[in-house]
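> If it helps, the file is called upload05.cif and holds mmCIF, C-alpha atoms and all ligand atoms:
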```cif
data_input
#
loop_
_atom_site.label_atom_id
_atom_site.label_comp_id
_atom_site.auth_asym_id
_atom_site.auth_seq_id
_atom_site.Cartn_x
_atom_site.Cartn_y
_atom_site.Cartn_z
CA MET A 1 7.84 -18.00 -39.65
CA LYS A 2 6.76 -14.60 -38.41
CA LYS A 3 6.77 -14.15 -34.64
CA MET A 4 3.49 -13.42 -32.85
CA VAL A 5 3.40 -12.47 -29.18
CA ILE A 6 0.04 -12.64 -27.42
CA LEU A 7 -0.44 -10.97 -24.02
CA THR A 8 -3.49 -12.37 -22.22
CA GLY A 9 -5.33 -11.54 -19.02
CA ALA A 10 -8.35 -12.74 -17.08
CA GLY A 11 -10.74 -11.87 -19.93
CA MET A 12 -9.12 -14.67 -21.95
CA SER A 13 -10.55 -17.19 -19.47
CA ALA A 14 -13.87 -15.42 -18.82
CA GLU A 15 -15.68 -17.53 -21.44
CA SER A 16 -14.33 -20.63 -19.72
CA GLY A 17 -16.22 -19.55 -16.61
CA ILE A 18 -13.28 -18.22 -14.60
CA SER A 19 -13.99 -14.86 -12.92
CA THR A 20 -12.02 -11.82 -13.98
CA PHE A 21 -10.69 -9.48 -11.30
CA ARG A 22 -12.05 -6.01 -12.04
CA ASP A 23 -15.23 -6.60 -13.97
CA SER A 24 -18.48 -6.29 -12.04
CA GLY A 25 -18.69 -9.36 -9.83
CA GLY A 26 -14.97 -9.91 -10.28
CA LEU A 27 -12.73 -11.59 -7.73
CA TRP A 28 -11.68 -8.30 -6.20
CA GLU A 29 -15.28 -7.55 -5.30
CA GLN A 30 -15.44 -10.78 -3.29
CA HIS A 31 -12.02 -10.66 -1.64
CA ARG A 32 -9.71 -7.90 -0.42
CA VAL A 33 -6.63 -7.86 -2.62
CA GLU A 34 -4.49 -6.97 0.39
CA ASP A 35 -5.66 -10.12 2.19
CA VAL A 36 -5.22 -12.74 -0.55
CA ALA A 37 -2.91 -11.32 -3.25
CA THR A 38 -0.07 -9.58 -1.41
CA ILE A 39 3.04 -10.96 0.27
CA GLU A 40 2.05 -9.02 3.42
CA GLY A 41 -1.36 -10.73 3.42
CA TYR A 42 0.31 -14.13 3.18
CA ILE A 43 2.67 -13.39 6.08
CA ARG A 44 -0.22 -12.01 8.14
CA ASN A 45 -2.60 -14.94 7.52
CA PRO A 46 -1.12 -17.81 5.46
CA GLN A 47 -4.13 -20.05 6.15
CA LEU A 48 -6.55 -17.57 4.50
CA VAL A 49 -4.31 -17.28 1.44
CA ILE A 50 -3.72 -21.02 1.12
CA ASP A 51 -7.50 -21.60 1.36
CA PHE A 52 -8.19 -18.91 -1.30
CA TYR A 53 -5.88 -20.57 -3.84
CA ASN A 54 -7.07 -24.07 -2.90
CA GLU A 55 -10.61 -22.96 -3.83
CA ARG A 56 -9.45 -21.44 -7.15
CA ARG A 57 -7.32 -24.52 -7.93
CA LYS A 58 -10.22 -26.92 -7.25
CA GLN A 59 -12.26 -25.03 -9.88
CA LEU A 60 -9.70 -25.81 -12.63
CA PRO A 61 -10.78 -29.43 -13.41
CA THR A 62 -14.37 -28.16 -13.76
CA VAL A 63 -13.57 -25.65 -16.54
CA LYS A 64 -12.11 -26.09 -20.01
CA PRO A 65 -10.40 -23.95 -22.63
CA CYS A 66 -12.75 -21.71 -24.63
CA ARG A 67 -12.73 -21.28 -28.41
CA GLY A 68 -10.42 -18.32 -27.91
CA HIS A 69 -7.77 -20.48 -26.21
CA GLU A 70 -8.13 -23.04 -29.01
CA LEU A 71 -7.66 -20.40 -31.72
CA VAL A 72 -4.61 -19.00 -29.92
CA ALA A 73 -3.13 -22.51 -29.92
CA ALA A 74 -4.08 -23.05 -33.61
CA LEU A 75 -2.07 -19.94 -34.58
CA GLU A 76 1.08 -21.99 -33.97
CA LYS A 77 0.48 -23.50 -37.41
CA ASN A 78 1.00 -20.09 -39.01
CA TYR A 79 3.28 -18.22 -36.60
CA ASP A 80 6.05 -18.70 -34.09
CA VAL A 81 3.73 -17.91 -31.16
CA THR A 82 4.70 -16.91 -27.63
CA VAL A 83 1.83 -16.52 -25.19
CA VAL A 84 2.63 -14.16 -22.31
CA THR A 85 -0.17 -14.60 -19.82
CA GLN A 86 -1.05 -12.90 -16.54
CA ASN A 87 -3.39 -15.81 -15.87
CA VAL A 88 -2.47 -18.54 -13.44
CA ASP A 89 -4.84 -21.13 -14.93
CA ASP A 90 -3.53 -23.83 -17.29
CA LEU A 91 -6.10 -23.29 -20.05
CA HIS A 92 -3.63 -22.09 -22.70
CA GLU A 93 -1.60 -25.26 -22.20
CA ARG A 94 -4.69 -27.46 -22.15
CA ALA A 95 -5.81 -25.87 -25.45
CA GLY A 96 -2.46 -26.88 -26.98
CA SER A 97 -0.29 -23.75 -26.74
CA THR A 98 3.29 -24.94 -26.41
CA ASN A 99 5.13 -21.71 -25.54
CA VAL A 100 3.49 -20.01 -22.55
CA ILE A 101 5.17 -17.56 -20.20
CA HIS A 102 3.26 -17.13 -16.92
CA LEU A 103 4.09 -13.68 -15.52
CA HIS A 104 2.06 -14.11 -12.33
CA GLY A 105 2.74 -17.77 -11.55
CA GLU A 106 0.73 -20.96 -11.98
CA LEU A 107 -2.18 -22.21 -9.88
CA MET A 108 -1.20 -25.88 -10.32
CA LYS A 109 2.24 -25.25 -8.82
CA VAL A 110 3.33 -24.75 -5.20
CA THR A 111 6.69 -23.75 -3.78
CA SER A 112 8.84 -22.70 -0.85
CA SER A 113 7.90 -19.71 1.32
CA ILE A 114 11.61 -18.83 1.63
CA SER A 115 12.79 -19.22 -2.00
CA PRO A 116 9.60 -19.26 -4.10
CA ASN A 117 11.44 -18.99 -7.42
CA ASP A 118 14.04 -21.69 -6.71
CA PRO A 119 13.26 -24.39 -9.32
CA LEU A 120 14.23 -27.08 -6.79
CA GLN A 121 11.35 -25.94 -4.56
CA ILE A 122 8.60 -25.78 -7.21
CA GLN A 123 6.22 -28.76 -7.38
CA THR A 124 3.31 -29.36 -9.74
CA LEU A 125 0.12 -30.59 -8.07
CA THR A 126 -2.10 -33.24 -9.69
CA PRO A 127 -5.90 -33.43 -10.15
CA GLU A 128 -5.85 -35.98 -7.32
CA HIS A 129 -3.98 -33.57 -5.02
CA LEU A 130 -5.33 -30.06 -5.51
CA GLU A 131 -5.07 -28.72 -1.96
CA ILE A 132 -2.15 -27.82 0.25
CA HIS A 133 -2.37 -27.32 4.01
CA MET A 134 -0.58 -25.54 6.81
CA GLY A 135 2.26 -27.75 8.00
CA GLU A 136 3.03 -29.15 4.54
CA THR A 137 6.59 -28.16 3.67
CA ALA A 138 8.69 -27.54 0.59
CA PRO A 139 12.02 -29.42 0.19
CA ASP A 140 13.78 -26.59 2.07
CA GLY A 141 11.52 -27.22 5.07
CA SER A 142 9.51 -24.00 4.75
CA GLN A 143 5.71 -23.83 4.55
CA LEU A 144 4.43 -24.85 1.12
CA ARG A 145 2.80 -21.81 -0.60
CA PRO A 146 1.09 -21.16 -3.93
CA PHE A 147 3.50 -20.54 -6.84
CA ILE A 148 1.80 -17.18 -7.47
CA VAL A 149 3.42 -13.76 -7.89
CA TRP A 150 1.67 -11.55 -5.33
CA PHE A 151 1.59 -7.76 -5.36
CA GLY A 152 4.83 -6.62 -3.75
CA GLU A 153 6.85 -9.50 -5.20
CA ALA A 154 9.24 -9.59 -8.14
CA VAL A 155 7.99 -10.71 -11.59
CA PRO A 156 10.94 -12.90 -12.64
CA MET A 157 9.55 -13.72 -16.10
CA ILE A 158 9.11 -10.08 -17.19
CA GLU A 159 12.61 -9.88 -18.73
CA LYS A 160 11.96 -12.94 -20.90
CA ALA A 161 8.55 -11.56 -21.87
CA ALA A 162 10.07 -8.18 -22.81
CA GLU A 163 12.69 -9.91 -24.99
CA GLU A 164 9.89 -11.75 -26.79
CA ALA A 165 7.91 -8.52 -27.25
CA MET A 166 10.96 -6.85 -28.82
CA LYS A 167 11.10 -9.63 -31.43
CA ALA A 168 7.38 -9.62 -32.24
CA ASP A 169 6.21 -9.13 -35.84
CA ILE A 170 2.61 -9.01 -34.57
CA PHE A 171 1.49 -8.23 -30.98
CA VAL A 172 -1.96 -9.17 -29.71
CA VAL A 173 -3.51 -8.18 -26.35
CA ILE A 174 -6.52 -10.20 -25.18
CA GLY A 175 -8.67 -9.68 -22.09
CA THR A 176 -6.60 -7.51 -19.81
CA SER A 177 -7.52 -4.16 -18.28
CA LEU A 178 -3.83 -3.19 -18.47
CA ASN A 179 -4.02 -2.07 -14.84
CA VAL A 180 -1.12 -4.08 -13.50
CA TYR A 181 2.56 -3.39 -14.21
CA PRO A 182 5.02 -4.56 -15.41
CA ALA A 183 2.71 -6.73 -17.57
CA ALA A 184 0.77 -3.70 -18.80
CA GLY A 185 4.01 -2.09 -19.96
CA LEU A 186 5.01 -4.88 -22.35
CA VAL A 187 3.65 -3.11 -25.42
CA GLN A 188 6.38 -0.47 -24.90
CA PHE A 189 8.90 -3.10 -26.04
CA VAL A 190 7.12 -3.69 -29.35
CA ALA A 191 8.77 -1.98 -32.34
CA PRO A 192 6.76 1.03 -33.58
CA GLU A 193 5.99 -0.42 -37.02
CA VAL A 194 4.65 -3.71 -35.65
CA PRO A 195 0.85 -4.14 -35.95
CA VAL A 196 -0.88 -4.38 -32.55
CA PHE A 197 -4.38 -5.79 -31.98
CA LEU A 198 -6.48 -5.45 -28.82
CA ILE A 199 -9.31 -7.94 -28.26
CA ASP A 200 -11.61 -6.77 -25.46
CA PRO A 201 -15.37 -6.03 -25.36
CA LYS A 202 -14.58 -2.81 -23.48
CA ASP A 203 -12.19 0.10 -23.95
CA VAL A 204 -9.06 -0.23 -21.84
CA PRO A 205 -6.63 2.52 -20.74
CA TRP A 206 -4.02 2.51 -23.51
CA THR A 207 -1.06 4.54 -22.25
CA SER A 208 1.40 3.46 -24.95
CA SER A 209 2.04 5.64 -28.00
CA HIS A 210 1.70 2.47 -30.09
CA ARG A 211 -1.27 2.58 -32.48
CA TYR A 212 -3.53 -0.47 -32.27
CA THR A 213 -6.60 -2.05 -33.85
CA HIS A 214 -9.34 -2.59 -31.25
CA ILE A 215 -11.46 -5.69 -31.98
CA LYS A 216 -14.25 -4.83 -29.55
CA LYS A 217 -15.42 -8.40 -28.94
CA GLY A 218 -14.92 -11.24 -26.46
CA ALA A 219 -11.89 -13.49 -26.71
CA SER A 220 -13.48 -16.20 -28.88
CA ALA A 221 -15.35 -13.96 -31.35
CA GLY A 222 -12.39 -11.57 -31.31
CA MET A 223 -9.96 -14.32 -32.23
CA GLU A 224 -12.28 -15.40 -35.08
CA GLU A 225 -12.15 -11.82 -36.40
CA LEU A 226 -8.38 -11.60 -35.95
CA LEU A 227 -7.84 -14.77 -37.99
CA GLU A 228 -10.03 -13.28 -40.74
CA ASP A 229 -8.03 -10.03 -40.64
CA LEU A 230 -4.84 -12.10 -40.94
CA GLY A 231 -6.30 -14.15 -43.80
CA ILE A 232 -6.12 -17.42 -41.87
CA GLU A 233 -8.69 -20.16 -42.42
CA ASN A 234 -10.00 -21.60 -39.16
N1 LIG A 301 -13.24 -11.67 -23.62
C1 LIG A 301 -12.20 -10.80 -23.62
N2 LIG A 301 -11.99 -9.88 -22.66
C2 LIG A 301 -12.90 -9.83 -21.66
C3 LIG A 301 -14.02 -10.69 -21.59
C4 LIG A 301 -14.17 -11.64 -22.62
N3 LIG A 301 -15.21 -12.50 -22.64
N4 LIG A 301 -14.72 -10.37 -20.46
C5 LIG A 301 -14.06 -9.36 -19.86
N5 LIG A 301 -12.97 -9.03 -20.58
C6 LIG A 301 -11.97 -8.00 -20.30
C7 LIG A 301 -12.44 -6.85 -19.44
O1 LIG A 301 -13.06 -5.84 -20.25
C8 LIG A 301 -11.11 -6.36 -18.85
O2 LIG A 301 -10.48 -5.42 -19.71
O3 LIG A 301 -10.93 -8.62 -19.56
C9 LIG A 301 -10.26 -7.62 -18.77
C10 LIG A 301 -10.13 -8.17 -17.37
O4 LIG A 301 -9.37 -7.24 -16.62
P1 LIG A 301 -8.96 -7.65 -15.13
O5 LIG A 301 -10.12 -8.28 -14.44
O6 LIG A 301 -8.29 -6.45 -14.54
O7 LIG A 301 -7.87 -8.82 -15.32
P2 LIG A 301 -6.34 -8.67 -15.67
O8 LIG A 301 -6.11 -7.47 -16.54
O9 LIG A 301 -5.88 -9.98 -16.18
O10 LIG A 301 -5.67 -8.39 -14.22
C11 LIG A 301 -4.26 -8.33 -14.19
O11 LIG A 301 -4.32 -8.20 -11.80
O12 LIG A 301 -5.20 -8.92 -9.82
C12 LIG A 301 -4.13 -9.03 -10.66
O13 LIG A 301 -2.66 -10.83 -10.81
C13 LIG A 301 -3.95 -10.43 -11.15
O14 LIG A 301 -3.17 -11.20 -13.29
C14 LIG A 301 -4.10 -10.32 -12.65
C15 LIG A 301 -3.76 -8.87 -12.90
#
```
Output the structure of this file as structure tokens.


Amino acid sequence: MKKMVILTGAGMSAESGISTFRDSGGLWEQHRVEDVATIEGYIRNPQLVIDFYNERRKQLPTVKPCRGHELVAALEKNYDVTVVTQNVDDLHERAGSTNVIHLHGELMKVTSSISPNDPLQIQTLTPEHLEIHMGETAPDGSQLRPFIVWFGEAVPMIEKAAEEAMKADIFVVIGTSLNVYPAAGLVQFVAPEVPVFLIDPKDVPWTSSHRYTHIKKGASAGMEELLEDLGIEN
């Protein structure tokens, strides 16, 4: 089977009702990034950060995968698919994708404040237990924190994602403004002859020398068009 790597961002979940970050009305218009999405912000005011992710986590059971997520999952019938997502929601998994790399963490997981990437410290929350509070601790005794990669922190999964990109026979980018590195740099690892598709209703800053086909539509309609281009019945 040919290998397809799909890099997704917040636009992938927009049609599920989850706000993007940099569109008008996006999350970064309602919150200061430095307060809720940086390691310094967490150290300065952990309560504010824990509350911010509790609110976003409580939204998850109220939203569901969009047609775009479902079509991404359906591609596993035709390709060896790896989804590399910047999103922290679980919509790719809920749509049926079985190979998802989360570059920026996962909203349904919490971890240690001392060793956030130690597997022994990472716990998955349940729909019955969606909030964490100050004073709740990880196994190592430190304050429980969201399993999210904040600005200023390492992106441990980027090496695995780059290895996948290097093996891609087709590379698809859906719903990301390509503002944030190292995620935005993944296309550099894609071999020059590999076809690249961008699905986004807007133009995005494309700094790579890699040529690409821009399907200027939303995630769901864009995925419909991509499947047609690839000659796949859906
Ligand atoms: N379908 C597809 N794409 C869409 C849709 C849609 N329905 N609606 C908006 N978009 C596109 C926008 O045009 C934009 O290019 O989705 C992109 C969203 O960009 P951002 O809001 O910047 O989100 P993202 O690129 O995922 O941000 C990257 O920044 O704040 C950090 O960690 C956070 O993972 C996030 C990272």

> Give me the residues near stretch 65-70 of chain A as a count of residues only, where near means some atom within 7 Å (using only C-alpha atoms) and where sequence neighbours in that chain fewer than 4 positions away do not count.

10

> Counting all atoms listed in the file, what are the residues, protein, DNA or RNA alike, that approach ligand LIG 301 (chain A) to within 7 Å? I want them as a CSV table (one decimal) with C-alpha atoms, keeping the file's coordinate frame.


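What follows is the written file out-v9.csv:
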```csv
chain,number,residue,atom,x,y,z
A,8,THR,CA,-3.5,-12.4,-22.2
A,9,GLY,CA,-5.3,-11.5,-19.0
A,10,ALA,CA,-8.4,-12.7,-17.1
A,11,GLY,CA,-10.7,-11.9,-19.9
A,12,MET,CA,-9.1,-14.7,-22.0
A,14,ALA,CA,-13.9,-15.4,-18.8
A,15,GLU,CA,-15.7,-17.5,-21.4
A,20,THR,CA,-12.0,-11.8,-14.0
A,21,PHE,CA,-10.7,-9.5,-11.3
A,22,ARG,CA,-12.0,-6.0,-12.0
A,23,ASP,CA,-15.2,-6.6,-14.0
A,26,GLY,CA,-15.0,-9.9,-10.3
A,86,GLN,CA,-1.0,-12.9,-16.5
A,87,ASN,CA,-3.4,-15.8,-15.9
A,104,HIS,CA,2.1,-14.1,-12.3
A,174,ILE,CA,-6.5,-10.2,-25.2
A,175,GLY,CA,-8.7,-9.7,-22.1
A,176,THR,CA,-6.6,-7.5,-19.8
A,177,SER,CA,-7.5,-4.2,-18.3
A,178,LEU,CA,-3.8,-3.2,-18.5
A,179,ASN,CA,-4.0,-2.1,-14.8
A,180,VAL,CA,-1.1,-4.1,-13.5
A,199,ILE,CA,-9.3,-7.9,-28.3
A,200,ASP,CA,-11.6,-6.8,-25.5
A,201,PRO,CA,-15.4,-6.0,-25.4
A,202,LYS,CA,-14.6,-2.8,-23.5
A,204,VAL,CA,-9.1,-0.2,-21.8
A,217,LYS,CA,-15.4,-8.4,-28.9
A,218,GLY,CA,-14.9,-11.2,-26.5
A,219,ALA,CA,-11.9,-13.5,-26.7
A,220,SER,CA,-13.5,-16.2,-28.9
```

> Please tell me which residues are no farther than 12 Å from (-1.2, 3.4, -30.7) in the file, counting only C-alpha atoms, and write them as a list of chain:residue names.

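Checking each residue against the 12 Å limit leaves A:Phe171, A:Val187, A:Gln188, A:Val190, A:Ala191, A:Pro192, A:Glu193, A:Val194, A:Pro195, A:Val196, A:Phe197, A:Leu198, A:Pro205, A:Trp206, A:Thr207, A:Ser208, A:Ser209, A:His210, A:Arg211, A:Tyr212, A:Thr213, A:His214.
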
> Could you please take those selected residues and save C-alpha atoms as a tab-separated table (two decimals), in the frame of the given file?


```tsv
chain	number	residue	atom	x	y	z
A	171	PHE	CA	1.49	-8.23	-30.98
A	187	VAL	CA	3.65	-3.11	-25.42
A	188	GLN	CA	6.38	-0.47	-24.90
A	190	VAL	CA	7.12	-3.69	-29.35
A	191	ALA	CA	8.77	-1.98	-32.34
A	192	PRO	CA	6.76	1.03	-33.58
A	193	GLU	CA	5.99	-0.42	-37.02
A	194	VAL	CA	4.65	-3.71	-35.65
A	195	PRO	CA	0.85	-4.14	-35.95
A	196	VAL	CA	-0.88	-4.38	-32.55
A	197	PHE	CA	-4.38	-5.79	-31.98
A	198	LEU	CA	-6.48	-5.45	-28.82
A	205	PRO	CA	-6.63	2.52	-20.74
A	206	TRP	CA	-4.02	2.51	-23.51
A	207	THR	CA	-1.06	4.54	-22.25
A	208	SER	CA	1.40	3.46	-24.95
A	209	SER	CA	2.04	5.64	-28.00
A	210	HIS	CA	1.70	2.47	-30.09
A	211	ARG	CA	-1.27	2.58	-32.48
A	212	TYR	CA	-3.53	-0.47	-32.27
A	213	THR	CA	-6.60	-2.05	-33.85
A	214	HIS	CA	-9.34	-2.59	-31.25
```

> Could you check which of A:Asp35, A:Asp118, A:Pro182, A:Glu163 is closest to A:Leu103, using all atoms listed in the file?

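Distance minimum relative to A:Leu103 lands on A:Pro182.
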
> What does the distance from atom CA of A:Ile122 to atom CA of A:Leu107 come to in Å, to one decimal?

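Between these atoms lies a distance of 11.7 Å.
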
> Please, what distance in Å, to one decimal, runs between atom CA of A:Lys160 and atom CA of A:Val5?

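Going from atom CA of A:Lys160 over to atom CA of A:Val5 covers 11.9 Å.
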
> Could you tell me which of A:Pro139, A:Pro127, A:Gly185, A:Pro46 comes closest to A:Leu60 if we count all atoms listed in the file?

A:Pro127

> Pull the neighbourhood of (7.0, -23.6, 1.9) for me: all residues within 9 Å in file coordinates, counting only C-alpha atoms, as number ranges by chain.

A: 110-116, 121, 135-146

> For atom CA of A:Glu131 and atom CA of A:Glu106, determine how far apart the two atoms are, in Å to one decimal place.

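Between these atoms lies a distance of 13.9 Å.
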
> Give me, as a tab-separated table, each residue of stretch 65-143 of chain A that comes within 10 Å of stretch 49-54 of chain A, together with its shortest interatomic pair and the distance in Å at one decimal, counting only C-alpha atoms, with rows ordered by chain and rising residue number.


```
residue	atom	partner	partner_atom	distance
A:Leu107	CA	A:Tyr53	CA	7.3
A:Met108	CA	A:Tyr53	CA	9.6
A:Leu130	CA	A:Asn54	CA	6.8
A:Glu131	CA	A:Asn54	CA	5.1
A:Ile132	CA	A:Asn54	CA	6.9
A:His133	CA	A:Ile50	CA	7.1
A:Met134	CA	A:Ile50	CA	7.9
```

> Go through A:Asp203, A:Asn234, A:Ile101, A:Leu186 one by one, measure the shortest atom-to-atom distance of each to A:Met157 using all atoms listed in the file, and give the residue with the smallest value.

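Once distances to A:Met157 are computed over all atoms listed in the file, the minimum belongs to A:Ile101.
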
> Extract, using only C-alpha atoms, all DNA, RNA and protein residues at most 10 Å from A:Leu227, discarding same-chain residues fewer than 4 positions from it, and format them as a list in words.

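Once the nearby chain positions are removed, what remains is Leu71, Val72, Leu75, Gly222, Met223, Gly231, Ile232, Glu233 and Asn234 of chain A.
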
> Can you pull stretch 59-77 of chain A out of that block with N, CA and C atoms and hand it back as a compact mmCIF listing (two decimals), in the first residue's frame?


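Output below, filename decode-v2.txt:
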```txt
# COMPACT_ATOMS: atom_id res chain seq x y z
N GLN A 59 -15.74 20.77 26.37
CA GLN A 59 -16.46 20.97 25.09
C GLN A 59 -16.41 19.68 24.26
N LEU A 60 -15.39 18.84 24.47
CA LEU A 60 -15.17 17.68 23.58
C LEU A 60 -16.39 16.75 23.46
N PRO A 61 -17.04 16.35 24.58
CA PRO A 61 -18.19 15.44 24.42
C PRO A 61 -19.36 16.08 23.66
N THR A 62 -19.32 17.42 23.50
CA THR A 62 -20.46 18.09 22.84
C THR A 62 -20.22 18.22 21.33
N VAL A 63 -19.03 17.86 20.84
CA VAL A 63 -18.75 17.97 19.41
C VAL A 63 -18.46 16.58 18.86
N LYS A 64 -18.56 16.47 17.51
CA LYS A 64 -18.26 15.16 16.92
C LYS A 64 -17.45 15.35 15.64
N PRO A 65 -16.82 14.26 15.18
CA PRO A 65 -16.00 14.38 13.97
C PRO A 65 -16.83 14.91 12.80
N CYS A 66 -16.20 15.70 11.94
CA CYS A 66 -16.91 16.19 10.74
C CYS A 66 -16.66 15.20 9.60
N ARG A 67 -17.29 15.47 8.47
CA ARG A 67 -17.15 14.60 7.29
C ARG A 67 -15.67 14.50 6.91
N GLY A 68 -14.96 15.59 7.11
CA GLY A 68 -13.53 15.58 6.76
C GLY A 68 -12.76 14.56 7.59
N HIS A 69 -13.02 14.53 8.90
CA HIS A 69 -12.37 13.52 9.75
C HIS A 69 -12.73 12.11 9.27
N GLU A 70 -14.01 11.93 8.91
CA GLU A 70 -14.47 10.59 8.49
C GLU A 70 -13.78 10.16 7.21
N LEU A 71 -13.60 11.12 6.28
CA LEU A 71 -12.95 10.78 5.00
C LEU A 71 -11.47 10.50 5.20
N VAL A 72 -10.85 11.23 6.14
CA VAL A 72 -9.44 10.95 6.46
C VAL A 72 -9.33 9.51 6.98
N ALA A 73 -10.25 9.14 7.86
CA ALA A 73 -10.22 7.76 8.41
C ALA A 73 -10.49 6.74 7.31
N ALA A 74 -11.42 7.05 6.39
CA ALA A 74 -11.78 6.10 5.32
C ALA A 74 -10.60 5.84 4.38
N LEU A 75 -9.67 6.79 4.28
CA LEU A 75 -8.51 6.62 3.39
C LEU A 75 -7.64 5.44 3.82
N GLU A 76 -7.83 4.96 5.04
CA GLU A 76 -7.02 3.82 5.49
C GLU A 76 -7.36 2.55 4.71
N LYS A 77 -8.48 2.59 3.98
CA LYS A 77 -8.81 1.42 3.13
C LYS A 77 -7.91 1.38 1.90
```
